[in-house]
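Asker: The following file, data.cif, comprises mmCIF, C-alpha atoms:
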data_target
loop_
_atom_site.label_atom_id
_atom_site.label_comp_id
_atom_site.auth_asym_id
_atom_site.auth_seq_id
_atom_site.Cartn_x
_atom_site.Cartn_y
_atom_site.Cartn_z
CA MET A 13 55.39 -52.45 -101.96
CA SER A 14 52.24 -51.21 -103.61
CA GLU A 15 51.77 -48.21 -105.83
CA THR A 16 50.38 -45.01 -104.50
CA ALA A 17 47.88 -43.02 -106.53
CA ALA A 18 50.53 -40.43 -107.27
CA GLN A 19 52.87 -43.07 -108.64
CA ARG A 20 50.14 -44.45 -110.87
CA GLN A 21 49.46 -40.98 -112.21
CA THR A 22 53.05 -40.20 -113.18
CA GLY A 23 53.84 -43.75 -114.36
CA MET A 24 56.56 -44.27 -111.76
CA LYS A 25 57.61 -47.72 -110.67
CA PRO A 26 56.72 -48.58 -107.07
CA ARG A 27 59.42 -47.38 -104.69
CA PRO A 28 60.73 -49.68 -101.96
CA THR A 29 59.36 -49.06 -98.49
CA SER A 30 61.24 -49.78 -95.30
CA PRO A 31 60.13 -52.86 -93.32
CA HIS A 32 58.19 -52.20 -90.17
CA LEU A 33 55.97 -54.96 -88.78
CA THR A 34 58.25 -57.71 -90.04
CA ILE A 35 61.39 -56.62 -88.26
CA TYR A 36 60.47 -54.61 -85.18
CA ARG A 37 59.59 -56.46 -82.00
CA LEU A 38 56.28 -55.18 -80.66
CA PRO A 39 56.09 -55.06 -76.87
CA PHE A 40 52.91 -56.67 -75.68
CA THR A 41 51.83 -53.81 -73.47
CA GLY A 42 52.45 -51.24 -76.16
CA PRO A 43 51.31 -51.59 -79.74
CA PHE A 44 49.48 -54.89 -79.25
CA MET A 45 47.21 -53.43 -76.59
CA SER A 46 46.82 -50.32 -78.69
CA ILE A 47 45.61 -52.29 -81.69
CA MET A 48 43.32 -54.24 -79.35
CA HIS A 49 41.88 -50.88 -78.36
CA ARG A 50 41.18 -50.21 -82.03
CA GLY A 51 39.81 -53.70 -82.53
CA THR A 52 37.41 -53.37 -79.60
CA GLU A 53 36.39 -49.98 -81.01
CA VAL A 54 35.22 -51.60 -84.24
CA ALA A 55 33.64 -54.52 -82.39
CA LEU A 56 31.76 -52.09 -80.17
CA ALA A 57 30.47 -50.30 -83.27
CA PHE A 58 28.66 -53.51 -84.14
CA GLY A 59 27.63 -53.80 -80.52
CA LEU A 60 25.91 -50.45 -80.83
CA ILE A 61 23.90 -51.85 -83.72
CA LEU A 62 22.72 -54.50 -81.28
CA LEU A 63 21.86 -51.77 -78.80
CA THR A 64 19.80 -50.04 -81.47
CA TRP A 65 17.99 -53.31 -82.06
CA TRP A 66 17.32 -53.61 -78.31
CA CYS A 67 15.92 -50.08 -78.16
CA CYS A 68 13.64 -50.68 -81.14
CA ALA A 69 12.54 -54.02 -79.70
CA VAL A 70 11.56 -52.30 -76.46
CA LEU A 71 9.53 -49.81 -78.45
CA VAL A 72 7.80 -52.33 -80.71
CA GLY A 73 6.59 -54.65 -77.99
CA PRO A 74 6.92 -57.94 -76.13
CA ASP A 75 7.10 -60.14 -79.23
CA ALA A 76 9.99 -58.23 -80.75
CA TYR A 77 11.68 -58.14 -77.36
CA ASN A 78 11.34 -61.90 -77.00
CA THR A 79 12.94 -62.36 -80.41
CA PHE A 80 15.83 -60.27 -79.13
CA LEU A 81 16.05 -62.33 -75.94
CA GLU A 82 16.09 -65.55 -77.96
CA PHE A 83 18.99 -64.24 -79.98
CA THR A 84 21.00 -63.33 -76.91
CA ARG A 85 20.27 -66.71 -75.36
CA SER A 86 21.51 -68.64 -78.39
CA ILE A 87 25.07 -69.93 -78.47
CA ILE A 88 26.14 -67.35 -81.03
CA GLY A 89 24.30 -64.67 -79.08
CA ARG A 90 26.01 -65.56 -75.83
CA ILE A 91 29.43 -65.59 -77.44
CA MET A 92 28.75 -62.20 -78.99
CA MET A 93 27.46 -60.75 -75.73
CA LEU A 94 30.51 -62.04 -73.86
CA GLY A 95 32.76 -60.58 -76.53
CA TRP A 96 31.01 -57.26 -76.40
CA THR A 97 31.11 -57.11 -72.61
CA TRP A 98 34.84 -57.77 -72.62
CA SER A 99 35.34 -55.26 -75.45
CA LEU A 100 33.48 -52.54 -73.59
CA VAL A 101 35.33 -53.17 -70.33
CA TYR A 102 38.75 -53.37 -72.01
CA HIS A 103 38.04 -50.29 -74.12
CA THR A 104 36.91 -48.22 -71.13
CA LEU A 105 39.86 -49.30 -68.96
CA TYR A 106 42.30 -48.55 -71.79
CA ASP A 107 40.60 -45.16 -72.21
CA ILE A 108 41.28 -44.41 -68.54
CA ARG A 109 44.94 -45.37 -69.07
CA GLN A 110 44.99 -43.10 -72.11
CA LEU A 111 43.60 -40.20 -70.07
CA PHE A 112 46.60 -40.51 -67.78
CA PHE A 113 48.85 -40.46 -70.86
CA ASP A 114 47.08 -37.32 -72.02
CA MET A 115 47.88 -35.69 -68.71
CA GLY A 116 51.50 -36.57 -69.34
CA LYS A 117 51.77 -39.20 -66.64
CA GLY A 118 53.03 -42.73 -66.87
CA PHE A 119 55.23 -42.65 -69.93
CA SER A 120 58.25 -44.44 -68.54
CA LEU A 121 58.62 -47.94 -69.96
CA PRO A 122 58.22 -49.86 -66.68
CA VAL A 123 55.05 -47.92 -65.84
CA ILE A 124 53.66 -48.52 -69.31
CA ALA A 125 54.21 -52.24 -68.85
CA GLN A 126 52.65 -52.21 -65.38
CA THR A 127 49.54 -50.21 -66.30
CA GLY A 128 49.17 -52.29 -69.45
CA ILE A 129 49.07 -55.55 -67.51
CA MET A 130 46.75 -53.95 -64.94
CA VAL A 131 44.31 -52.93 -67.67
CA LEU A 132 44.39 -56.37 -69.27
CA LEU A 133 43.90 -58.29 -66.03
CA ALA A 134 41.25 -55.88 -64.79
CA SER A 135 39.33 -56.28 -68.05
CA PHE A 136 39.02 -60.04 -67.53
CA ILE A 137 38.15 -59.71 -63.86
CA VAL A 138 35.50 -57.02 -64.40
CA THR A 139 33.96 -58.94 -67.30
CA ALA A 140 33.74 -62.03 -65.11
CA LEU A 141 32.14 -60.00 -62.32
CA VAL A 142 29.58 -58.42 -64.65
CA TRP A 143 28.61 -61.80 -66.08
CA LEU A 144 28.40 -63.28 -62.60
CA LEU A 145 26.05 -60.48 -61.67
CA ALA A 146 23.95 -61.01 -64.79
CA MET A 147 23.68 -64.75 -64.27
CA THR A 148 22.81 -64.61 -60.57
CA ALA A 149 20.25 -61.81 -60.78
CA THR A 150 17.44 -64.11 -61.87
CA ALA A 151 14.64 -62.82 -59.67
CA PRO A 152 12.47 -60.12 -61.23
CA GLN A 153 13.73 -56.75 -60.09
CA VAL A 154 11.83 -54.09 -58.21
CA VAL A 155 10.57 -51.39 -60.53
CA GLY A 156 13.28 -48.78 -60.71
CA GLY A 157 16.20 -51.17 -61.08
CA MET A 158 19.35 -49.82 -59.47
CA MET B 23 55.63 -8.87 -87.39
CA ALA B 24 55.93 -12.11 -85.48
CA ASN B 25 54.27 -12.79 -82.14
CA LYS B 26 57.21 -13.30 -79.81
CA ASP B 27 55.38 -16.02 -77.85
CA SER B 28 54.78 -18.27 -80.84
CA ILE B 29 56.49 -19.16 -84.07
CA ARG B 30 53.09 -19.09 -85.74
CA SER B 31 52.41 -16.16 -88.00
CA PRO B 32 49.45 -13.92 -87.18
CA LEU B 33 47.88 -14.86 -90.49
CA GLY B 34 48.09 -18.54 -89.66
CA ALA B 35 46.51 -17.93 -86.30
CA ALA B 36 43.73 -15.91 -87.88
CA ARG B 37 43.04 -18.33 -90.70
CA GLY B 38 42.63 -22.03 -90.35
CA MET B 39 43.26 -23.39 -86.88
CA GLY B 40 45.53 -26.05 -88.28
CA SER B 41 45.20 -28.50 -91.13
CA ALA B 42 41.91 -29.90 -89.89
CA HIS B 43 40.42 -26.40 -89.82
CA GLN B 44 38.81 -27.18 -86.53
CA GLY B 45 41.69 -26.80 -84.14
CA SER B 46 41.61 -29.28 -81.34
CA HIS B 47 37.82 -29.55 -81.24
CA HIS B 48 37.69 -33.24 -82.08
CA TRP B 49 40.46 -34.10 -79.65
CA TRP B 50 38.72 -32.28 -76.84
CA GLN B 51 35.37 -33.81 -77.70
CA HIS B 52 37.02 -37.23 -77.65
CA LYS B 53 38.40 -36.61 -74.17
CA MET B 54 35.10 -35.23 -72.89
CA THR B 55 33.12 -38.21 -74.15
CA THR B 56 35.72 -40.55 -72.67
CA VAL B 57 35.50 -38.93 -69.24
CA ALA B 58 31.71 -38.93 -69.37
CA ASN B 59 31.71 -42.54 -70.50
CA ILE B 60 33.45 -43.82 -67.41
CA PRO B 61 30.63 -43.28 -64.91
CA LEU B 62 27.82 -43.66 -67.45
CA VAL B 63 29.05 -46.94 -68.90
CA THR B 64 29.80 -48.36 -65.44
CA TRP B 65 26.26 -47.58 -64.35
CA ALA B 66 24.73 -48.82 -67.61
CA MET B 67 26.68 -52.06 -67.61
CA ILE B 68 25.66 -52.92 -64.06
CA SER B 69 22.05 -51.95 -64.80
CA ILE B 70 21.92 -54.06 -67.95
CA ALA B 71 23.56 -56.96 -66.15
CA LEU B 72 20.73 -56.78 -63.62
CA LEU B 73 18.19 -56.49 -66.44
CA ALA B 74 19.60 -59.33 -68.52
CA GLY B 75 17.01 -61.97 -69.32
CA GLN B 76 14.24 -60.18 -67.45
CA PRO B 77 10.83 -60.23 -69.10
CA TYR B 78 9.63 -57.35 -71.20
CA GLU B 79 7.49 -55.76 -68.48
CA VAL B 80 10.39 -55.36 -66.09
CA VAL B 81 12.57 -53.75 -68.74
CA ARG B 82 9.79 -51.44 -69.85
CA ALA B 83 9.08 -50.39 -66.27
CA TRP B 84 12.77 -49.73 -65.71
CA LEU B 85 12.85 -47.52 -68.78
CA MET B 86 9.79 -45.60 -67.65
CA THR B 87 11.39 -44.40 -64.43
CA PRO B 88 12.51 -40.87 -65.26
CA LEU B 89 15.97 -40.97 -63.69
CA THR B 90 17.02 -44.25 -65.25
CA ALA B 91 15.51 -43.31 -68.60
CA VAL B 92 17.40 -40.02 -68.74
CA LEU B 93 20.66 -41.58 -67.60
CA PHE B 94 20.34 -44.36 -70.13
CA MET B 95 19.57 -41.94 -72.94
CA LEU B 96 22.61 -39.92 -71.93
CA THR B 97 24.72 -43.06 -72.00
CA VAL B 98 23.47 -44.04 -75.43
CA PHE B 99 24.00 -40.55 -76.79
CA ASN B 100 27.48 -40.34 -75.35
CA LEU B 101 28.39 -43.76 -76.71
CA PHE B 102 27.26 -42.78 -80.19
CA LEU B 103 29.12 -39.47 -80.03
CA HIS B 104 32.28 -41.23 -78.90
CA LEU B 105 31.77 -43.81 -81.64
CA LYS B 106 31.37 -41.10 -84.27
CA ILE B 107 34.69 -39.51 -83.34
CA ASP B 108 36.50 -42.82 -83.05
CA MET B 109 35.19 -44.13 -86.37
CA GLN B 110 36.22 -40.91 -88.02
CA LEU B 111 39.74 -41.49 -86.72
CA VAL B 112 39.70 -45.08 -87.96
CA ILE B 113 38.72 -43.99 -91.46
CA GLU B 114 41.25 -41.19 -91.52
CA ASP B 115 43.97 -43.56 -90.34
CA TYR B 116 43.39 -46.46 -92.67
CA ILE B 117 41.90 -45.10 -95.87
CA ALA B 118 44.20 -42.94 -97.93
CA ASP B 119 42.33 -42.70 -101.19
CA LYS B 120 40.36 -39.47 -101.00
CA SER B 121 37.24 -40.55 -102.84
CA ILE B 122 36.87 -43.82 -100.94
CA ARG B 123 37.51 -41.93 -97.72
CA LEU B 124 34.77 -39.43 -98.46
CA GLY B 125 32.32 -42.19 -99.35
CA ALA B 126 33.18 -44.22 -96.27
CA MET B 127 32.94 -41.17 -94.04
CA LEU B 128 29.52 -40.24 -95.42
CA CYS B 129 28.11 -43.76 -95.13
CA LEU B 130 29.47 -44.25 -91.65
CA GLN B 131 28.36 -40.92 -90.24
CA ALA B 132 24.93 -41.39 -91.78
CA ALA B 133 24.61 -44.87 -90.28
CA ILE B 134 25.68 -43.59 -86.87
CA VAL B 135 23.25 -40.68 -86.96
CA VAL B 136 20.39 -42.96 -88.05
CA CYS B 137 21.10 -45.55 -85.36
CA CYS B 138 21.48 -42.90 -82.68
CA THR B 139 18.22 -41.19 -83.60
CA LEU B 140 16.43 -44.53 -83.75
CA SER B 141 17.72 -45.55 -80.34
CA LEU B 142 16.99 -42.25 -78.62
CA PHE B 143 13.54 -42.04 -80.16
CA SER B 144 12.71 -45.58 -79.09
CA LEU B 145 13.94 -44.95 -75.57
CA PHE B 146 12.02 -41.70 -75.34
CA ARG B 147 8.82 -43.23 -76.71
CA ALA B 148 9.19 -46.19 -74.37
CA ALA B 149 9.75 -43.87 -71.45
CA ILE B 150 6.74 -41.67 -71.94
CA GLY B 151 4.25 -44.27 -73.20
#
Please render this file's structure as C-alpha coordinates.
Answerer:
Amino acid sequence: MSETAAQRQTGMKPRPTSPHLTIYRLPFTGPFMSIMHRGTEVALAFGLILLTWWCCAVLVGPDAYNTFLEFTRSIIGRIMMLGWTWSLVYHTLYDIRQLFFDMGKGFSLPVIAQTGIMVLLASFIVTALVWLLAMTATAPQVVGGM
Amino acid sequence: MANKDSIRSPLGAARGMGSAHQGSHHWWQHKMTTVANIPLVTWAMISIALLAGQPYEVVRAWLMTPLTAVLFMLTVFNLFLHLKIDMQLVIEDYIADKSIRLGAMLCLQAAIVVCCTLSLFSLFRAAIG
(Lines of atoms letter the chains of each structure in order from A and count residues from 1; the text may use other names and numbers.)
(Lines give C-alpha, C1' and ligand atoms only; values in the text may rest on other atoms or scores of the structure.)
Protein backbone atom coordinates (compact mmCIF):
# COMPACT_ATOMS: atom_id res chain seq x y z
CA MET A 1 0.00 0.00 0.00
CA SER A 2 1.51 3.32 -0.96
CA GLU A 3 -0.02 6.75 -0.77
CA THR A 4 -1.48 8.39 -3.79
CA ALA A 5 -0.91 12.08 -4.42
CA ALA A 6 -4.50 12.81 -3.48
CA GLN A 7 -4.09 11.06 -0.15
CA ARG A 8 -0.95 13.03 0.59
CA GLN A 9 -2.78 16.25 -0.17
CA THR A 10 -5.71 15.63 2.16
CA GLY A 11 -3.60 13.97 4.88
CA MET A 12 -5.43 10.65 4.63
CA LYS A 13 -3.85 7.43 5.76
CA PRO A 14 -3.05 4.98 2.95
CA ARG A 15 -6.06 2.82 2.15
CA PRO A 16 -5.68 -0.94 1.75
CA THR A 17 -5.57 -2.21 -1.81
CA SER A 18 -6.76 -5.63 -2.88
CA PRO A 19 -4.04 -8.19 -3.71
CA HIS A 20 -3.53 -8.96 -7.35
CA LEU A 21 -0.21 -10.41 -8.47
CA THR A 22 0.31 -12.27 -5.21
CA ILE A 23 -2.86 -14.31 -5.28
CA TYR A 24 -4.01 -14.74 -8.87
CA ARG A 25 -2.47 -17.48 -10.96
CA LEU A 26 -1.23 -16.04 -14.24
CA PRO A 27 -1.64 -18.38 -17.21
CA PHE A 28 1.57 -18.58 -19.15
CA THR A 29 0.03 -17.85 -22.52
CA GLY A 30 -1.90 -14.89 -21.22
CA PRO A 31 -0.43 -12.19 -19.03
CA PHE A 32 3.12 -13.55 -19.06
CA MET A 33 3.35 -13.37 -22.83
CA SER A 34 1.67 -9.99 -22.73
CA ILE A 35 4.27 -8.59 -20.36
CA MET A 36 6.96 -10.16 -22.55
CA HIS A 37 5.46 -8.18 -25.40
CA ARG A 38 5.91 -5.04 -23.32
CA GLY A 39 9.39 -6.07 -22.28
CA THR A 40 10.48 -6.67 -25.88
CA GLU A 41 8.96 -3.29 -26.74
CA VAL A 42 11.30 -1.54 -24.32
CA ALA A 43 14.25 -3.69 -25.37
CA LEU A 44 13.57 -2.85 -29.01
CA ALA A 45 13.57 0.85 -28.11
CA PHE A 46 17.21 0.43 -27.15
CA GLY A 47 17.70 -1.63 -30.27
CA LEU A 48 16.56 1.33 -32.31
CA ILE A 49 19.29 3.39 -30.68
CA LEU A 50 21.70 0.80 -32.06
CA LEU A 51 20.06 1.16 -35.46
CA THR A 52 20.59 4.91 -35.28
CA TRP A 53 24.24 4.27 -34.50
CA TRP A 54 24.47 1.95 -37.52
CA CYS A 55 22.92 4.57 -39.80
CA CYS A 56 25.28 7.27 -38.57
CA ALA A 57 28.24 4.91 -38.89
CA VAL A 58 27.32 4.24 -42.51
CA LEU A 59 27.21 7.97 -43.12
CA VAL A 60 30.47 8.82 -41.36
CA GLY A 61 32.63 6.26 -43.10
CA PRO A 62 34.51 2.96 -42.98
CA ASP A 63 36.31 3.64 -39.70
CA ALA A 64 33.13 4.38 -37.79
CA TYR A 65 31.48 1.38 -39.43
CA ASN A 66 34.34 -0.87 -38.38
CA THR A 67 33.96 0.34 -34.80
CA PHE A 68 30.32 -0.67 -35.04
CA LEU A 69 31.25 -4.07 -36.46
CA GLU A 70 33.74 -4.63 -33.65
CA PHE A 71 31.03 -3.93 -31.12
CA THR A 72 28.63 -6.38 -32.69
CA ARG A 73 31.34 -9.02 -32.87
CA SER A 74 32.22 -8.73 -29.18
CA ILE A 75 30.66 -11.13 -26.70
CA ILE A 76 28.39 -8.46 -25.26
CA GLY A 77 27.54 -7.31 -28.77
CA ARG A 78 26.60 -10.78 -29.91
CA ILE A 79 24.43 -11.37 -26.87
CA MET A 80 22.68 -8.06 -27.44
CA MET A 81 22.16 -8.75 -31.13
CA LEU A 82 20.73 -12.19 -30.36
CA GLY A 83 18.46 -10.66 -27.76
CA TRP A 84 17.30 -7.98 -30.13
CA THR A 85 16.68 -10.43 -32.95
CA TRP A 86 14.55 -12.60 -30.68
CA SER A 87 12.76 -9.51 -29.31
CA LEU A 88 11.91 -8.27 -32.78
CA VAL A 89 10.67 -11.67 -33.96
CA TYR A 90 8.64 -12.31 -30.79
CA HIS A 91 7.20 -8.80 -30.85
CA THR A 92 6.16 -9.02 -34.50
CA LEU A 93 4.62 -12.49 -34.10
CA TYR A 94 2.73 -11.36 -30.99
CA ASP A 95 1.56 -8.30 -32.95
CA ILE A 96 0.11 -10.61 -35.61
CA ARG A 97 -1.69 -12.56 -32.87
CA GLN A 98 -2.96 -9.27 -31.49
CA LEU A 99 -4.29 -8.26 -34.92
CA PHE A 100 -6.44 -11.38 -34.88
CA PHE A 101 -7.67 -10.40 -31.41
CA ASP A 102 -8.52 -6.96 -32.76
CA MET A 103 -10.63 -8.59 -35.44
CA GLY A 104 -12.45 -10.41 -32.68
CA LYS A 105 -11.10 -13.84 -33.48
CA GLY A 106 -9.45 -16.35 -31.22
CA PHE A 107 -10.67 -15.33 -27.81
CA SER A 108 -11.67 -18.74 -26.50
CA LEU A 109 -9.27 -20.01 -23.84
CA PRO A 110 -8.03 -23.09 -25.72
CA VAL A 111 -7.30 -21.00 -28.82
CA ILE A 112 -5.49 -18.40 -26.75
CA ALA A 113 -3.29 -21.13 -25.30
CA GLN A 114 -2.64 -22.66 -28.72
CA THR A 115 -1.79 -19.40 -30.51
CA GLY A 116 0.32 -18.36 -27.55
CA ILE A 117 2.47 -21.47 -27.73
CA MET A 118 2.64 -21.13 -31.53
CA VAL A 119 3.94 -17.58 -31.22
CA LEU A 120 6.51 -18.55 -28.61
CA LEU A 121 7.83 -21.57 -30.50
CA ALA A 122 7.82 -19.72 -33.81
CA SER A 123 9.83 -16.89 -32.26
CA PHE A 124 12.64 -19.26 -31.30
CA ILE A 125 12.56 -21.08 -34.63
CA VAL A 126 12.57 -17.89 -36.72
CA THR A 127 15.35 -16.36 -34.63
CA ALA A 128 17.43 -19.49 -35.13
CA LEU A 129 16.77 -19.38 -38.88
CA VAL A 130 17.71 -15.71 -39.16
CA TRP A 131 20.95 -16.27 -37.26
CA LEU A 132 21.73 -19.33 -39.36
CA LEU A 133 21.27 -17.18 -42.44
CA ALA A 134 23.48 -14.43 -41.04
CA MET A 135 26.25 -16.82 -40.06
CA THR A 136 26.32 -18.75 -43.33
CA ALA A 137 26.14 -15.77 -45.68
CA THR A 138 29.85 -15.04 -45.45
CA ALA A 139 30.62 -14.41 -49.10
CA PRO A 140 30.41 -10.78 -50.19
CA GLN A 141 27.01 -10.17 -51.72
CA VAL A 142 26.22 -8.96 -55.20
CA VAL A 143 25.46 -5.25 -55.23
CA GLY A 144 21.75 -4.92 -54.70
CA GLY A 145 21.45 -7.46 -51.89
CA MET A 146 18.11 -9.24 -51.94
CA MET B 1 -32.79 15.60 -28.17
CA ALA B 2 -30.93 12.31 -28.12
CA ASN B 3 -29.69 10.50 -31.22
CA LYS B 4 -31.65 7.27 -31.17
CA ASP B 5 -28.69 5.28 -32.52
CA SER B 6 -26.32 6.23 -29.72
CA ILE B 7 -26.49 7.02 -26.05
CA ARG B 8 -23.98 9.78 -26.66
CA SER B 9 -25.31 13.30 -26.52
CA PRO B 10 -24.94 15.48 -29.61
CA LEU B 11 -22.79 17.86 -27.62
CA GLY B 12 -20.42 15.08 -26.65
CA ALA B 13 -20.16 13.97 -30.24
CA ALA B 14 -19.47 17.52 -31.37
CA ARG B 15 -16.93 18.30 -28.67
CA GLY B 16 -14.07 16.11 -27.67
CA MET B 17 -13.95 12.74 -29.36
CA GLY B 18 -13.48 11.03 -26.03
CA SER B 19 -11.18 11.64 -23.11
CA ALA B 20 -8.04 11.59 -25.24
CA HIS B 21 -9.50 14.29 -27.49
CA GLN B 22 -8.22 12.44 -30.49
CA GLY B 23 -10.78 9.71 -30.87
CA SER B 24 -9.30 6.45 -32.00
CA HIS B 25 -6.48 8.04 -34.00
CA HIS B 26 -3.68 6.52 -31.96
CA TRP B 27 -5.28 3.09 -31.94
CA TRP B 28 -5.70 3.13 -35.68
CA GLN B 29 -2.19 4.41 -36.24
CA HIS B 30 -0.92 1.61 -34.01
CA LYS B 31 -2.74 -0.99 -36.11
CA MET B 32 -1.57 0.55 -39.38
CA THR B 33 2.07 0.59 -38.31
CA THR B 34 1.74 -2.99 -37.07
CA VAL B 35 0.33 -4.20 -40.39
CA ALA B 36 2.99 -2.30 -42.33
CA ASN B 37 5.68 -3.66 -40.04
CA ILE B 38 5.00 -7.27 -40.89
CA PRO B 39 6.29 -7.25 -44.47
CA LEU B 40 8.81 -4.46 -43.94
CA VAL B 41 10.45 -5.99 -40.89
CA THR B 42 10.53 -9.45 -42.49
CA TRP B 43 12.30 -8.03 -45.51
CA ALA B 44 14.63 -5.87 -43.41
CA MET B 45 15.58 -8.68 -41.06
CA ILE B 46 16.47 -11.03 -43.91
CA SER B 47 18.39 -8.26 -45.68
CA ILE B 48 20.35 -7.34 -42.56
CA ALA B 49 21.04 -11.00 -41.86
CA LEU B 50 22.58 -11.20 -45.33
CA LEU B 51 24.48 -7.97 -44.72
CA ALA B 52 25.76 -8.92 -41.27
CA GLY B 53 29.53 -8.68 -41.01
CA GLN B 54 29.96 -7.56 -44.60
CA PRO B 55 32.57 -4.87 -45.19
CA TYR B 56 31.61 -1.24 -45.43
CA GLU B 57 31.65 -1.08 -49.24
CA VAL B 58 29.06 -3.81 -49.61
CA VAL B 59 26.72 -2.17 -47.11
CA ARG B 60 27.15 1.23 -48.71
CA ALA B 61 26.48 -0.18 -52.17
CA TRP B 62 23.37 -1.93 -50.87
CA LEU B 63 22.12 1.34 -49.44
CA MET B 64 22.75 3.17 -52.69
CA THR B 65 20.40 0.98 -54.70
CA PRO B 66 17.22 3.04 -54.90
CA LEU B 67 14.70 0.30 -54.17
CA THR B 68 16.48 -1.08 -51.13
CA ALA B 69 17.26 2.40 -49.83
CA VAL B 70 13.63 3.49 -50.04
CA LEU B 71 12.34 0.27 -48.50
CA PHE B 72 14.83 0.48 -45.69
CA MET B 73 13.99 4.10 -44.98
CA LEU B 74 10.32 3.16 -44.91
CA THR B 75 11.09 0.37 -42.47
CA VAL B 76 13.06 2.66 -40.20
CA PHE B 77 10.38 5.34 -40.30
CA ASN B 78 7.64 2.85 -39.59
CA LEU B 79 9.60 1.32 -36.72
CA PHE B 80 10.11 4.72 -35.14
CA LEU B 81 6.45 5.65 -35.59
CA HIS B 82 5.36 2.37 -34.02
CA LEU B 83 7.87 2.92 -31.22
CA LYS B 84 6.54 6.42 -30.58
CA ILE B 85 3.00 5.15 -30.12
CA ASP B 86 4.05 2.16 -28.03
CA MET B 87 6.29 4.21 -25.75
CA GLN B 88 3.49 6.69 -25.26
CA LEU B 89 1.30 3.81 -24.11
CA VAL B 90 4.01 2.56 -21.76
CA ILE B 91 4.35 5.97 -20.13
CA GLU B 92 0.61 6.42 -19.86
CA ASP B 93 0.25 2.97 -18.32
CA TYR B 94 2.99 3.10 -15.74
CA ILE B 95 3.45 6.71 -14.71
CA ALA B 96 0.56 8.22 -12.81
CA ASP B 97 2.09 11.40 -11.49
CA LYS B 98 1.14 14.10 -13.98
CA SER B 99 4.30 16.18 -13.86
CA ILE B 100 6.65 13.19 -14.16
CA ARG B 101 4.47 11.87 -16.96
CA LEU B 102 4.70 15.11 -18.88
CA GLY B 103 8.47 15.27 -18.43
CA ALA B 104 8.93 11.65 -19.45
CA MET B 105 6.67 12.07 -22.45
CA LEU B 106 8.56 15.16 -23.64
CA CYS B 107 12.00 13.59 -23.19
CA LEU B 108 10.98 10.36 -24.85
CA GLN B 109 9.23 11.89 -27.83
CA ALA B 110 12.13 14.28 -28.34
CA ALA B 111 14.64 11.43 -28.23
CA ILE B 112 12.58 9.41 -30.70
CA VAL B 113 12.22 12.32 -33.10
CA VAL B 114 15.95 13.08 -32.91
CA CYS B 115 16.97 9.46 -33.49
CA CYS B 116 14.51 9.06 -36.34
CA THR B 117 15.67 12.22 -38.09
CA LEU B 118 19.30 11.23 -37.60
CA SER B 119 18.72 7.77 -39.03
CA LEU B 120 16.68 8.91 -42.02
CA PHE B 121 19.11 11.69 -42.82
CA SER B 122 22.08 9.33 -42.64
CA LEU B 123 20.35 6.78 -44.85
CA PHE B 124 19.36 9.43 -47.35
CA ARG B 125 22.84 10.98 -47.43
CA ALA B 126 24.39 7.54 -47.79
CA ALA B 127 22.01 6.70 -50.58
CA ILE B 128 22.60 9.75 -52.72
CA GLY B 129 26.32 10.25 -52.07
Asker: Could you please tell me, as a PyMOL selection string, which residues of chain A have an atom within 10 Å of chain B when using only C-alpha atoms?
Answerer: chain A and resi 16-17+50+53-54+56-57+60-78+81-82+84-85+97+100-101+104-105+107-108+110-111+114+141-158
Asker: What is the atom CA of A:Leu121-atom CA of A:Met45 distance in Å, reported with one decimal?
Answerer: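 One can read the atom CA of A:Leu121 to atom CA of A:Met45 distance as 14.3 Å.
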Asker: Report, in Å with one decimal, the straight-line distance from atom CA of B:Gln131 to atom CA of B:Ile113.
Answerer: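 That distance, rounded to one decimal, is 10.9 Å.
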Asker: Could you check how far atom CA of A:Gly42 sits from atom CA of B:Trp49, in Å to one decimal?
Answerer: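 About the pair atom CA of A:Gly42 and atom CA of B:Trp49: they are 21.2 Å apart.
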